[in-house]
>>> print(open('target-v7.cif').read())   # mmCIF, C-alpha atoms
data_upload
loop_
_atom_site.label_atom_id
_atom_site.label_comp_id
_atom_site.auth_asym_id
_atom_site.auth_seq_id
_atom_site.Cartn_x
_atom_site.Cartn_y
_atom_site.Cartn_z
CA MET G 299 114.07 159.57 127.70
CA SER G 300 117.68 160.79 127.59
CA ALA G 301 119.31 162.21 124.48
CA ALA G 302 121.58 159.18 124.31
CA ALA G 303 118.63 156.81 123.89
CA PRO G 304 118.11 157.38 120.13
CA ARG G 305 121.81 156.87 119.49
CA ASP G 306 121.78 153.65 121.52
CA ALA G 307 118.71 152.42 119.60
CA ALA G 308 120.39 153.21 116.28
CA GLY G 309 123.50 151.37 117.39
CA TRP G 310 121.46 148.35 118.45
CA VAL G 311 119.74 148.22 115.03
CA SER G 312 123.12 148.52 113.30
CA ARG G 313 124.59 145.69 115.37
CA LEU G 314 121.55 143.52 114.67
CA ARG G 315 121.91 144.12 110.93
CA GLU G 316 125.60 143.28 111.06
CA ARG G 317 124.88 140.12 113.03
CA ARG G 318 122.32 139.00 110.43
CA GLU G 319 124.73 139.68 107.57
CA GLY G 320 127.54 137.82 109.33
CA LEU G 321 129.72 140.96 109.58
CA GLN G 322 129.91 141.13 113.36
CA PRO G 323 131.85 138.60 115.43
CA PRO G 324 129.57 136.12 117.19
CA ALA G 325 128.60 136.69 120.79
CA MET G 326 130.18 134.60 123.51
CA VAL G 327 129.46 130.94 122.81
CA VAL G 328 128.58 128.67 125.70
CA GLU G 329 130.19 125.29 125.15
CA GLY G 330 128.51 122.07 126.14
CA GLN G 331 129.55 118.47 126.63
CA LEU G 332 128.67 115.26 124.87
CA ARG G 333 126.81 113.12 127.40
CA ARG G 334 125.51 110.23 125.38
CA MET G 335 125.73 108.66 121.94
CA VAL G 336 123.17 106.09 120.82
CA GLY G 337 123.46 104.94 117.24
CA LEU G 338 123.86 108.11 115.20
CA THR G 339 122.27 110.38 117.80
CA LEU G 340 124.41 112.60 120.02
CA GLU G 341 123.03 114.11 123.22
CA ALA G 342 124.70 117.28 124.46
CA GLU G 343 124.19 119.23 127.68
CA GLY G 344 125.28 122.66 128.85
CA CYS G 345 124.77 124.53 125.57
CA GLN G 346 121.83 126.06 123.77
CA ALA G 347 121.18 126.27 120.03
CA PRO G 348 118.06 126.35 117.81
CA VAL G 349 116.92 123.42 115.69
CA GLY G 350 118.90 123.46 112.46
CA ALA G 351 121.98 125.10 114.01
CA ARG G 352 125.44 123.69 113.34
CA CYS G 353 127.71 122.46 116.13
CA ILE G 354 131.31 121.27 116.19
CA VAL G 355 132.06 118.27 118.40
CA SER G 356 135.76 117.88 119.27
CA GLY G 357 136.97 114.29 119.36
CA GLY G 358 139.69 112.75 121.53
CA ASP G 359 142.24 112.60 118.69
CA ASP G 360 141.94 116.31 117.83
CA SER G 361 139.38 115.48 115.15
CA GLU G 362 136.24 117.56 114.72
CA VAL G 363 132.81 116.27 113.80
CA GLU G 364 130.20 118.60 112.36
CA ALA G 365 126.67 117.98 113.59
CA GLU G 366 123.27 119.63 113.35
CA VAL G 367 120.65 120.17 116.03
CA VAL G 368 117.66 118.00 115.13
CA GLY G 369 115.73 118.13 118.42
CA PHE G 370 115.84 118.79 122.13
CA ALA G 371 114.33 117.61 125.41
CA GLY G 372 114.68 119.61 128.60
CA ASP G 373 118.27 120.86 128.81
CA SER G 374 119.57 118.33 126.29
CA LEU G 375 120.19 118.91 122.59
CA TYR G 376 119.93 116.05 120.10
CA LEU G 377 122.54 116.26 117.36
CA MET G 378 122.95 114.31 114.14
CA PRO G 379 126.43 114.18 112.55
CA THR G 380 127.02 115.00 108.89
CA GLY G 381 130.02 112.67 108.69
CA THR G 382 131.74 109.86 110.56
CA LEU G 383 131.64 109.58 114.36
CA HIS G 384 135.11 108.07 114.62
CA GLY G 385 137.17 109.49 117.49
CA LEU G 386 134.38 110.86 119.69
CA THR G 387 134.74 110.32 123.44
CA PRO G 388 132.50 110.90 126.48
CA ASN G 389 132.35 114.53 127.60
CA ALA G 390 133.68 115.78 124.26
CA ARG G 391 133.35 119.55 123.73
CA VAL G 392 130.27 120.71 121.80
CA VAL G 393 130.59 124.23 120.37
CA PRO G 394 127.51 125.82 118.71
CA GLN G 395 128.24 127.82 115.55
CA GLU G 396 126.68 131.01 114.23
CA GLY G 397 123.94 130.60 111.63
CA VAL G 398 122.27 127.54 110.16
CA SER G 399 123.16 125.25 107.27
CA ALA G 400 123.30 127.19 104.00
CA ALA G 401 124.05 126.51 100.35
CA SER G 402 126.68 128.37 98.33
CA VAL G 403 125.32 129.06 94.85
CA GLY G 404 126.51 130.82 91.74
CA PRO G 405 127.02 130.43 87.97
CA ASP G 406 130.37 128.67 88.45
CA LEU G 407 128.51 125.58 89.72
CA LEU G 408 127.73 124.58 86.12
CA GLY G 409 129.77 121.57 85.09
CA ARG G 410 130.66 120.63 88.66
CA VAL G 411 129.98 117.61 90.89
CA LEU G 412 129.36 118.27 94.60
CA ASP G 413 128.79 116.15 97.67
CA GLY G 414 125.80 116.61 99.98
CA GLY G 415 127.60 119.41 101.82
CA GLY G 416 128.35 121.39 98.67
CA VAL G 417 132.04 120.43 98.55
CA PRO G 418 133.39 119.61 95.05
CA ILE G 419 134.37 115.97 94.55
CA ASP G 420 135.39 116.18 90.88
CA GLY G 421 139.00 117.20 91.52
CA LEU G 422 138.61 120.50 89.65
CA GLY G 423 139.34 122.74 92.60
CA LYS G 424 137.24 125.09 94.68
CA VAL G 425 134.01 126.53 93.31
CA GLU G 426 133.85 130.32 93.37
CA THR G 427 130.34 131.21 94.51
CA ASP G 428 128.97 134.65 95.28
CA THR G 429 125.72 133.90 97.12
CA ARG G 430 124.65 131.90 100.15
CA VAL G 431 121.03 130.85 100.58
CA PRO G 432 119.33 128.79 103.31
CA LEU G 433 119.10 125.06 102.59
CA VAL G 434 115.45 125.04 103.59
CA GLY G 435 114.58 127.58 100.88
CA ARG G 436 112.05 130.39 101.06
CA GLU G 437 108.29 130.07 101.03
CA ILE G 438 106.56 131.23 97.86
CA ASN G 439 103.13 132.81 97.88
CA PRO G 440 101.08 130.47 95.67
CA LEU G 441 99.22 133.45 94.20
CA THR G 442 102.45 134.87 92.80
CA ARG G 443 103.46 131.70 90.94
CA ALA G 444 103.11 131.76 87.16
CA PRO G 445 100.65 129.08 85.93
CA ILE G 446 101.79 126.11 83.86
CA ARG G 447 101.05 127.12 80.28
CA LYS G 448 103.97 125.92 78.13
CA PRO G 449 104.78 122.28 77.27
CA LEU G 450 108.27 120.92 77.87
CA ASP G 451 110.00 118.71 75.33
CA VAL G 452 111.60 115.76 77.18
CA GLY G 453 112.60 113.85 74.03
CA VAL G 454 110.60 110.72 74.98
CA ARG G 455 107.76 110.05 72.54
CA ALA G 456 105.36 108.36 74.98
CA ILE G 457 105.68 111.18 77.51
CA ASN G 458 105.66 114.00 74.96
CA ALA G 459 102.51 112.80 73.20
CA LEU G 460 100.48 110.92 75.83
CA LEU G 461 101.66 112.46 79.13
CA THR G 462 102.68 115.95 78.03
CA VAL G 463 104.66 117.75 80.74
CA GLY G 464 104.53 121.51 81.27
CA ARG G 465 107.31 123.87 82.31
CA GLY G 466 107.18 124.12 86.08
CA GLN G 467 105.44 120.78 86.61
CA ARG G 468 106.50 118.29 89.32
CA MET G 469 106.30 114.67 88.14
CA GLY G 470 106.97 111.39 89.90
CA LEU G 471 108.70 108.45 88.25
CA PHE G 472 107.37 105.38 90.06
CA ALA G 473 109.40 102.23 89.58
CA GLY G 474 110.68 99.11 91.28
CA SER G 475 114.26 97.96 90.89
CA GLY G 476 115.58 96.91 87.49
CA VAL G 477 112.80 98.25 85.25
CA GLY G 478 114.75 100.94 83.40
CA LYS G 479 114.34 103.92 85.73
CA SER G 480 117.92 105.13 85.35
CA VAL G 481 117.83 104.72 81.58
CA LEU G 482 114.67 106.81 81.29
CA LEU G 483 116.20 109.48 83.55
CA GLY G 484 119.25 109.51 81.32
CA MET G 485 117.13 110.01 78.20
CA MET G 486 115.36 112.98 79.75
CA THR G 487 118.66 114.42 80.98
CA LYS G 488 120.14 114.39 77.49
CA TYR G 489 117.08 115.32 75.42
CA THR G 490 115.07 117.79 77.53
CA THR G 491 115.12 121.37 76.27
CA ALA G 492 116.21 123.18 79.46
CA ASP G 493 118.79 125.86 80.15
CA VAL G 494 120.19 124.13 83.25
CA VAL G 495 119.97 120.55 84.53
CA VAL G 496 120.39 119.88 88.26
CA VAL G 497 120.77 116.21 89.20
CA GLY G 498 120.44 114.99 92.77
CA LEU G 499 121.72 111.42 93.29
CA ILE G 500 120.44 110.79 96.79
CA GLY G 501 121.00 107.54 98.67
CA GLU G 502 121.80 105.44 95.61
CA ARG G 503 124.80 103.17 94.96
CA GLY G 504 128.11 104.99 94.83
CA ARG G 505 129.22 103.36 91.57
CA GLU G 506 126.19 104.86 89.80
CA VAL G 507 127.50 108.39 90.29
CA LYS G 508 130.43 108.01 87.91
CA GLU G 509 128.37 105.87 85.52
CA PHE G 510 125.70 108.56 85.36
CA ILE G 511 128.19 111.37 84.78
CA GLU G 512 130.32 109.61 82.16
CA GLY G 513 127.82 107.28 80.52
CA ILE G 514 124.69 109.41 80.53
CA LEU G 515 125.61 113.08 80.88
CA GLY G 516 128.89 113.08 79.00
CA GLU G 517 131.02 116.20 78.58
CA GLU G 518 128.38 118.11 76.64
CA GLY G 519 125.60 117.32 79.11
CA LEU G 520 127.74 118.04 82.16
CA ALA G 521 128.62 121.48 80.83
CA ARG G 522 125.05 122.69 81.46
CA SER G 523 124.49 120.57 84.57
CA VAL G 524 125.17 120.52 88.30
CA VAL G 525 125.38 117.12 89.99
CA VAL G 526 124.88 116.67 93.75
CA ALA G 527 125.86 113.19 94.95
CA ALA G 528 125.04 111.88 98.42
CA PRO G 529 125.36 108.08 98.09
CA ALA G 530 123.96 105.44 100.41
CA ASP G 531 127.10 105.27 102.58
CA THR G 532 126.78 108.89 103.73
CA SER G 533 124.95 109.88 106.91
CA PRO G 534 121.17 110.35 106.77
CA LEU G 535 121.58 114.06 107.48
CA ARG G 536 124.02 114.41 104.56
CA ARG G 537 121.55 112.63 102.27
CA MET G 538 118.81 115.04 103.29
CA HIS G 539 121.15 117.99 102.82
CA GLY G 540 122.00 116.70 99.35
CA ALA G 541 118.36 116.78 98.27
CA MET G 542 117.89 120.23 99.78
CA LEU G 543 121.12 121.50 98.20
CA ALA G 544 120.08 120.32 94.73
CA THR G 545 116.76 122.13 95.17
CA SER G 546 118.50 125.31 96.39
CA ILE G 547 120.77 125.31 93.34
CA ALA G 548 117.75 124.86 91.06
CA GLU G 549 116.00 127.76 92.84
CA TYR G 550 119.03 129.99 92.27
CA PHE G 551 119.04 129.41 88.51
CA ARG G 552 115.23 129.81 88.38
CA ASP G 553 115.60 133.19 90.08
CA GLN G 554 118.09 134.12 87.34
CA GLY G 555 115.29 133.63 84.78
CA ARG G 556 116.39 130.21 83.52
CA ASP G 557 114.32 127.12 82.79
CA VAL G 558 115.71 124.38 85.04
CA LEU G 559 115.24 120.61 84.88
CA LEU G 560 115.60 119.07 88.35
CA LEU G 561 116.08 115.30 88.46
CA MET G 562 116.14 113.72 91.90
CA ASP G 563 116.92 110.04 92.33
CA SER G 564 115.33 109.31 94.65
CA LEU G 565 112.60 110.90 96.76
CA THR G 566 112.20 107.60 98.60
CA ARG G 567 115.82 107.69 99.86
CA TYR G 568 115.20 111.24 101.11
CA ALA G 569 112.18 109.97 103.05
CA GLN G 570 114.15 107.02 104.41
CA ALA G 571 116.90 109.37 105.62
CA GLN G 572 114.32 111.41 107.54
CA ARG G 573 112.90 108.17 108.91
CA GLU G 574 116.33 107.24 110.30
CA ILE G 575 116.67 110.65 111.94
CA GLY G 576 113.14 110.68 113.33
CA LEU G 577 113.37 107.21 114.84
CA ALA G 578 116.83 107.93 116.27
CA ILE G 579 115.57 110.89 118.32
CA GLY G 580 112.54 108.99 119.59
CA GLU G 581 109.77 109.95 117.18
CA PRO G 582 107.02 107.28 117.16
CA PRO G 583 106.77 105.15 114.00
CA THR G 584 103.47 105.06 112.11
CA THR G 585 102.84 103.52 108.68
CA LYS G 586 105.51 100.91 107.85
CA GLY G 587 107.89 102.47 110.36
CA TYR G 588 107.76 105.99 108.91
CA PRO G 589 107.33 108.69 111.58
CA PRO G 590 104.96 111.63 110.95
CA SER G 591 107.82 114.05 110.21
CA VAL G 592 108.52 112.21 106.93
CA PHE G 593 105.14 113.14 105.53
CA ALA G 594 105.65 116.75 106.62
CA LYS G 595 109.11 116.98 105.00
CA LEU G 596 108.05 115.61 101.59
CA PRO G 597 105.76 118.51 100.57
CA GLN G 598 108.21 121.03 102.02
CA LEU G 599 110.84 119.77 99.55
CA VAL G 600 108.58 119.24 96.53
CA GLU G 601 106.75 122.58 96.81
CA ARG G 602 110.03 124.43 96.34
CA ALA G 603 110.07 123.36 92.69
CA GLY G 604 107.72 124.75 90.06
CA ASN G 605 107.33 128.12 88.37
CA GLY G 606 108.51 131.35 89.89
CA ALA G 607 106.74 134.69 89.59
CA GLU G 608 105.45 135.91 86.23
CA GLY G 609 108.35 136.60 83.90
CA SER G 610 110.91 134.58 85.88
CA GLY G 611 112.26 131.08 85.26
CA SER G 612 110.89 127.65 86.10
CA ILE G 613 111.87 124.38 87.75
CA THR G 614 110.44 121.29 86.09
CA ALA G 615 111.13 118.43 88.47
CA PHE G 616 111.16 114.64 88.10
CA TYR G 617 111.39 112.71 91.37
CA THR G 618 111.94 108.97 91.26
CA VAL G 619 109.88 107.03 93.79
CA LEU G 620 110.92 103.45 94.57
CA THR G 621 107.98 101.10 94.92
CA GLU G 622 109.27 98.24 97.05
CA GLY G 623 108.07 94.96 95.59
CA ASP G 624 106.24 97.01 92.92
CA ASP G 625 103.75 98.02 95.61
CA GLN G 626 102.04 101.19 94.37
CA GLN G 627 100.44 101.62 97.82
CA ASP G 628 103.76 102.06 99.59
CA PRO G 629 103.25 104.96 102.05
CA VAL G 630 105.93 107.16 100.46
CA ALA G 631 104.61 106.42 96.97
CA ASP G 632 101.07 107.17 98.12
CA ALA G 633 102.11 110.45 99.75
CA ALA G 634 104.19 111.49 96.72
CA ARG G 635 101.33 110.73 94.34
CA ALA G 636 99.11 113.12 96.29
CA ILE G 637 101.50 116.10 96.24
CA LEU G 638 102.97 115.78 92.73
CA ASP G 639 101.45 117.06 89.48
CA GLY G 640 101.40 113.65 87.87
CA HIS G 641 103.24 110.36 87.75
CA VAL G 642 104.86 108.03 85.23
CA VAL G 643 104.64 104.38 86.30
CA LEU G 644 107.13 101.85 84.98
CA SER G 645 105.86 98.29 84.60
CA ARG G 646 107.97 95.27 85.50
CA GLN G 647 105.90 93.12 83.16
CA LEU G 648 106.73 95.36 80.20
CA ALA G 649 110.42 95.52 81.18
CA GLU G 650 110.67 91.73 81.42
CA SER G 651 109.19 91.42 77.94
CA GLY G 652 111.91 93.71 76.52
CA HIS G 653 109.63 96.72 76.08
CA TYR G 654 111.53 99.97 76.80
CA PRO G 655 110.84 102.50 78.11
CA ALA G 656 108.52 100.34 80.23
CA ILE G 657 105.88 103.06 80.75
CA ASP G 658 102.49 101.80 81.90
CA ILE G 659 100.28 104.26 80.04
CA GLU G 660 97.11 103.13 81.81
CA ALA G 661 98.54 103.83 85.28
CA SER G 662 100.30 107.11 84.38
CA ILE G 663 98.87 110.62 84.28
CA SER G 664 99.91 114.24 83.77
CA ARG G 665 97.63 116.55 85.73
CA ALA G 666 98.73 119.69 83.86
CA MET G 667 98.09 118.22 80.43
CA LEU G 668 94.65 119.77 80.02
CA ASN G 669 96.11 123.30 80.08
CA ILE G 670 98.98 122.73 77.64
CA THR G 671 97.43 120.61 74.84
CA ASP G 672 94.86 121.31 72.13
CA ASP G 673 91.61 119.49 71.38
CA ASP G 674 93.06 117.36 68.57
CA GLN G 675 95.85 115.98 70.76
CA ARG G 676 93.55 115.28 73.69
CA SER G 677 91.12 113.47 71.40
CA ALA G 678 93.94 111.39 69.95
CA VAL G 679 95.24 110.53 73.43
CA GLN G 680 91.77 109.42 74.48
CA ARG G 681 91.42 107.19 71.44
CA PHE G 682 94.91 105.72 71.91
CA LYS G 683 94.19 104.83 75.55
CA GLN G 684 90.80 103.35 74.69
CA LEU G 685 92.27 101.04 72.06
CA TYR G 686 95.18 100.10 74.31
CA ALA G 687 92.99 99.42 77.37
CA LEU G 688 90.44 97.38 75.41
CA TYR G 689 93.13 95.06 74.11
CA ARG G 690 94.69 94.67 77.59
CA GLN G 691 91.30 93.83 79.12
CA ASN G 692 90.79 90.99 76.64
CA GLN G 693 94.42 89.92 76.25
CA ASP G 694 93.96 86.52 77.90
CA LEU G 695 91.04 85.61 75.62
CA ILE G 696 92.98 86.72 72.57
CA SER G 697 96.14 84.86 73.60
CA VAL G 698 94.41 81.49 74.03
CA GLY G 699 92.33 81.90 70.88
CA ALA G 700 89.01 82.08 72.72
CA TYR G 701 87.97 85.28 70.95
CA GLN G 702 86.55 84.97 67.44
CA ARG G 703 87.13 87.93 65.16
CA GLY G 704 83.92 89.65 64.14
CA SER G 705 82.24 89.19 67.52
CA ASP G 706 82.98 92.80 68.62
CA PRO G 707 83.94 95.45 66.02
CA ARG G 708 85.55 97.62 68.69
CA LEU G 709 87.77 94.79 69.89
CA ASP G 710 88.62 93.88 66.30
CA GLU G 711 89.86 97.44 65.82
CA ALA G 712 91.90 97.27 69.03
CA ILE G 713 93.51 94.00 67.88
CA ALA G 714 94.37 95.53 64.49
CA TYR G 715 95.93 98.61 66.09
CA HIS G 716 97.82 96.85 68.89
CA PRO G 717 101.18 96.24 67.11
CA GLN G 718 101.29 99.90 66.05
CA LEU G 719 100.40 101.14 69.52
CA MET G 720 103.17 99.09 71.08
CA GLY G 721 105.63 100.30 68.45
CA PHE G 722 104.67 103.89 69.27
CA LEU G 723 105.43 103.33 72.96
CA ARG G 724 108.87 101.81 72.28
CA GLN G 725 111.89 104.03 71.79
CA ASP G 726 115.60 103.36 71.51
CA TYR G 727 117.75 104.91 74.22
CA SER G 728 119.96 106.72 71.69
CA GLN G 729 117.03 108.23 69.81
CA ALA G 730 115.39 111.56 70.69
CA VAL G 731 111.86 112.28 69.48
CA PRO G 732 110.97 116.00 69.66
CA LEU G 733 107.65 117.18 71.05
CA GLN G 734 105.97 118.25 67.82
CA HIS G 735 107.18 115.14 66.02
CA SER G 736 105.75 112.97 68.84
CA ILE G 737 102.35 114.66 68.58
CA GLY G 738 102.41 114.38 64.80
CA GLU G 739 103.10 110.63 64.98
CA LEU G 740 100.22 110.21 67.44
CA LEU G 741 97.78 112.04 65.17
CA ASP G 742 98.94 110.04 62.15
CA LEU G 743 98.52 106.78 64.07
CA VAL G 744 95.05 107.10 65.61
CA GLY G 745 93.68 110.36 64.18
CA THR G 746 91.23 112.38 66.25
CA GLU G 747 88.27 110.04 66.25
CA THR G 748 86.67 109.66 69.66
CA ALA G 749 84.81 107.07 71.62
CA GLY G 750 82.53 106.01 68.77
CA HIS G 751 85.41 104.06 67.27
CA GLY G 752 87.28 103.16 70.44
CA ALA G 753 86.45 101.45 73.65
#
>>> encode(input="target-v7.cif", output="structure tokens")
Amino acid sequence: MSAAAPRDAAGWVSRLRERREGLQPPAMVVEGQLRRMVGLTLEAEGCQAPVGARCIVSGGDDSEVEAEVVGFAGDSLYLMPTGTLHGLTPNARVVPQEGVSAASVGPDLLGRVLDGGGVPIDGLGKVETDTRVPLVGREINPLTRAPIRKPLDVGVRAINALLTVGRGQRMGLFAGSGVGKSVLLGMMTKYTTADVVVVGLIGERGREVKEFIEGILGEEGLARSVVVAAPADTSPLRRMHGAMLATSIAEYFRDQGRDVLLLMDSLTRYAQAQREIGLAIGEPPTTKGYPPSVFAKLPQLVERAGNGAEGSGSITAFYTVLTEGDDQQDPVADAARAILDGHVVLSRQLAESGHYPAIDIEASISRAMLNITDDDQRSAVQRFKQLYALYRQNQDLISVGAYQRGSDPRLDEAIAYHPQLMGFLRQDYSQAVPLQHSIGELLDLVGTETAGHGA
């Protein structure tokens, strides 16, 4: 080997490091051409780029469309635009860009409202950020994660006492349309004891963005929050990027040692955006039209939340899951239920009767509750649910007067307790009930007696 070889090797390593850090100009880029556009899918030939890479497509009116590589076949690349396709023409230039989609993060994001691409839409000027991280996040060794050991106060009595949530837990909020999902999210946004709140409004109605910021967060709430809004009229890729951006921002603050509350509304719209992309590039549909990639993407997003390493911060996440027609067996709802650490189900029947929040206690569960509650609380929760369930099982007989008091002492007790149980589950939107106060009210209501006095 010649004496120049070590120097050449050192230079090659230096150039590689500079390329990775974005300090060296990109190598010669081979441009391609747009050959076909079907729906939202662009097919380009003559260029090469990895999946996830960004490309710029030049339109006929000097406009530029940003797109991302979502697949390939043979010598063709399949691209999905992040914005409008207006102005594109056949044989338009396709120029691959260096790097992949990334998120700009930093402390100055607090109090700001961003679109799915990380661009501010609140009219307050540019956000000064000092760090860029990949949108897809970084894998975490499950053995290095801190366990869930501390309860989180969400300010909602029914959840605090009966479905206690731990710091670093991932919960699903399962609801159909018009049953108080947004109101419950707003309560948790205002009353949860967290250092930072990150809100992802993904695929919902555009008018709800301003209503959420002004009517629910307010100035005080927004000051400790970051809002990422990718409404329904944005491209499916932008909606997916919005969910990933909100998670990346939450990860940044967790790595700074802060306790983060991540609220994503909704996980279903994220899945539907991936369905649109998958079907557009030819992926075969499976259950209810969802391609397999949807069920691979869901855990990749959800697993990014949770606790960090011992001594670091946490991300406690609430993902809303839309149950179409109140069908709890919807494929997305079923998949989400399997990968989350619990779920809160909202009942249409309770909502229509004026009972808010319309939490169906029988159908809801917190899987981390065993590790963050004491014996007295768990005993009281068991007794509460037994009394509640026994009354619900016999509600029709009681309503029509077919049950005679004295026939079953356990049912008599459930009937006597029922008004108080329902009052415990109700809570005014403007009222916050702290964690310890919620547990105290539960113990005062049903005590710690167990199954001998319940159902």
>>> resolve_selection(input="target-v7.cif", expression="the PyMOL selection byres ((chain G and resi 567-578) around 10)", output="PyMOL selection string")
chain G and resi 336-340+368-369+376-378+499-502+529-530+533-542+562-566+579-583+587-593+595-596+599+618-620+630
>>> resolve_selection(input="target-v7.cif", expression="the PyMOL selection byres ((chain G and resi 665) around 6)", output="list in words")
Asp639, Gly640, Ser664, Ala666 and Met667 of chain G
>>> resolve_selection(input="target-v7.cif", expression="the PyMOL selection byres ((chain G and resi 487) around 10)", output="PyMOL selection string")
chain G and resi 452-453+481-486+488-492+495-497+514-515+519-520+523+559-561
>>> atom_distance(input="target-v7.cif", atom1="CA of Met335 (chain G)", atom2="CA of Arg352 (chain G)")
17.3 Å
>>> atom_distance(input="target-v7.cif", atom1="CA of Val454 (chain G)", atom2="CA of Gln467 (chain G)")
16.2 Å
>>> atom_distance(input="target-v7.cif", atom1="CA of Gly470 (chain G)", atom2="CA of Val600 (chain G)")
10.4 Å
>>> closest_residue(input="target-v7.cif", among="G:Arg443, G:Met720, G:Thr545, G:Asp632", to="Gly609 (chain G)", atoms="all atoms listed in the file")
G:Arg443
>>> residues_around(input="target-v7.cif", residues="Ala661 (chain G)", least_positions_apart="3", cutoff="9 Å", atoms="all atoms listed in the file", output="PyMOL selection string")
chain G and resi 641-644+657-658
>>> residues_around(input="target-v7.cif", residues="Gly745 (chain G)", least_positions_apart="4", cutoff="10 Å", atoms="only C-alpha atoms", output="PyMOL selection string")
chain G and resi 674-675+677-679+681-682+738-741
>>> closest_residue(input="target-v7.cif", among="G:Gly372, G:Gly385, G:Gly435, G:Gly421", to="Ser399 (chain G)", atoms="only C-alpha atoms")
G:Gly435
>>> axis_aligned_box(input="target-v7.cif", around="region 689-704 of chain G", padding_each_side="6 Å", output="lines of an AutoDock Vina configuration file")
center_x = 90.0
center_y = 88.3
center_z = 71.6
size_x = 24.2
size_y = 25.6
size_z = 27.0
>>> residues_near_point(input="target-v7.cif", point="(116.3, 125.9, 117.2)", cutoff="9 Å", atoms="all atoms listed in the file", output="MDAnalysis selection string")
chainID G and resid 346:351 367:370
>>> residues_near_point(input="target-v7.cif", point="(115.7, 127.4, 83.5)", cutoff="12 Å", atoms="all atoms listed in the file", output="compact mmCIF listing (two decimals) with C-alpha atoms, keeping the file's coordinate frame")
# COMPACT_ATOMS: atom_id res chain seq x y z
CA LEU G 450 108.27 120.92 77.87
CA ARG G 465 107.31 123.87 82.31
CA GLY G 466 107.18 124.12 86.08
CA THR G 490 115.07 117.79 77.53
CA THR G 491 115.12 121.37 76.27
CA ALA G 492 116.21 123.18 79.46
CA ASP G 493 118.79 125.86 80.15
CA VAL G 494 120.19 124.13 83.25
CA VAL G 495 119.97 120.55 84.53
CA VAL G 496 120.39 119.88 88.26
CA ARG G 522 125.05 122.69 81.46
CA SER G 523 124.49 120.57 84.57
CA ILE G 547 120.77 125.31 93.34
CA ALA G 548 117.75 124.86 91.06
CA GLU G 549 116.00 127.76 92.84
CA TYR G 550 119.03 129.99 92.27
CA PHE G 551 119.04 129.41 88.51
CA ARG G 552 115.23 129.81 88.38
CA ASP G 553 115.60 133.19 90.08
CA GLN G 554 118.09 134.12 87.34
CA GLY G 555 115.29 133.63 84.78
CA ARG G 556 116.39 130.21 83.52
CA ASP G 557 114.32 127.12 82.79
CA VAL G 558 115.71 124.38 85.04
CA LEU G 559 115.24 120.61 84.88
CA LEU G 560 115.60 119.07 88.35
CA ALA G 603 110.07 123.36 92.69
CA GLY G 604 107.72 124.75 90.06
CA ASN G 605 107.33 128.12 88.37
CA GLY G 606 108.51 131.35 89.89
CA GLY G 609 108.35 136.60 83.90
CA SER G 610 110.91 134.58 85.88
CA GLY G 611 112.26 131.08 85.26
CA SER G 612 110.89 127.65 86.10
CA ILE G 613 111.87 124.38 87.75
CA THR G 614 110.44 121.29 86.09
CA ALA G 615 111.13 118.43 88.47
>>> closest_residue(input="target-v7.cif", among="G:Gly357, G:Lys508, G:Gly464, G:Val526", to="Arg410 (chain G)", atoms="only C-alpha atoms")
G:Val526
>>> residues_around(input="target-v7.cif", residues="Asp406 (chain G)", least_positions_apart="5", cutoff="9 Å", atoms="all atoms listed in the file", output="list in words")
Val425, Glu426 and Thr427 of chain G
>>> write_last_selection(input="target-v7.cif", atoms="C-alpha atoms", output="JSON list (two decimals), keeping the file's coordinate frame")
[["chain", "number", "residue", "atom", "x", "y", "z"],
["G", 425, "VAL", "CA", 134.01, 126.53, 93.31],
["G", 426, "GLU", "CA", 133.85, 130.32, 93.37],
["G", 427, "THR", "CA", 130.34, 131.21, 94.51]]
>>> closest_residue(input="target-v7.cif", among="G:Ala636, G:Val698, G:Ile659, G:Val434", to="Ala459 (chain G)", atoms="only C-alpha atoms")
G:Ile659
>>> build_atoms(input="target-v7.cif", residues="region 668-672 of chain G", atoms="N, CA, C and O atoms", output="PDB file, in the frame of the given file")
ATOM      1  N   LEU G 668      95.832 119.115  80.554  1.00  0.00           N
ATOM      2  CA  LEU G 668      94.650 119.770  80.020  1.00  0.00           C
ATOM      3  C   LEU G 668      94.924 121.210  79.613  1.00  0.00           C
ATOM      4  O   LEU G 668      94.337 121.723  78.659  1.00  0.00           O
ATOM      5  N   ASN G 669      95.840 121.881  80.317  1.00  0.00           N
ATOM      6  CA  ASN G 669      96.110 123.300  80.080  1.00  0.00           C
ATOM      7  C   ASN G 669      97.167 123.551  79.012  1.00  0.00           C
ATOM      8  O   ASN G 669      97.379 124.708  78.638  1.00  0.00           O
ATOM      9  N   ILE G 670      97.850 122.508  78.557  1.00  0.00           N
ATOM     10  CA  ILE G 670      98.980 122.730  77.640  1.00  0.00           C
ATOM     11  C   ILE G 670      98.830 121.959  76.334  1.00  0.00           C
ATOM     12  O   ILE G 670      99.771 121.877  75.552  1.00  0.00           O
ATOM     13  N   THR G 671      97.661 121.358  76.082  1.00  0.00           N
ATOM     14  CA  THR G 671      97.430 120.610  74.840  1.00  0.00           C
ATOM     15  C   THR G 671      96.166 121.116  74.175  1.00  0.00           C
ATOM     16  O   THR G 671      95.291 121.711  74.812  1.00  0.00           O
ATOM     17  N   ASP G 672      96.053 120.870  72.858  1.00  0.00           N
ATOM     18  CA  ASP G 672      94.860 121.310  72.130  1.00  0.00           C
ATOM     19  C   ASP G 672      93.852 120.168  72.025  1.00  0.00           C
ATOM     20  O   ASP G 672      94.119 119.029  72.434  1.00  0.00           O
TER      21      ASP G 672
END
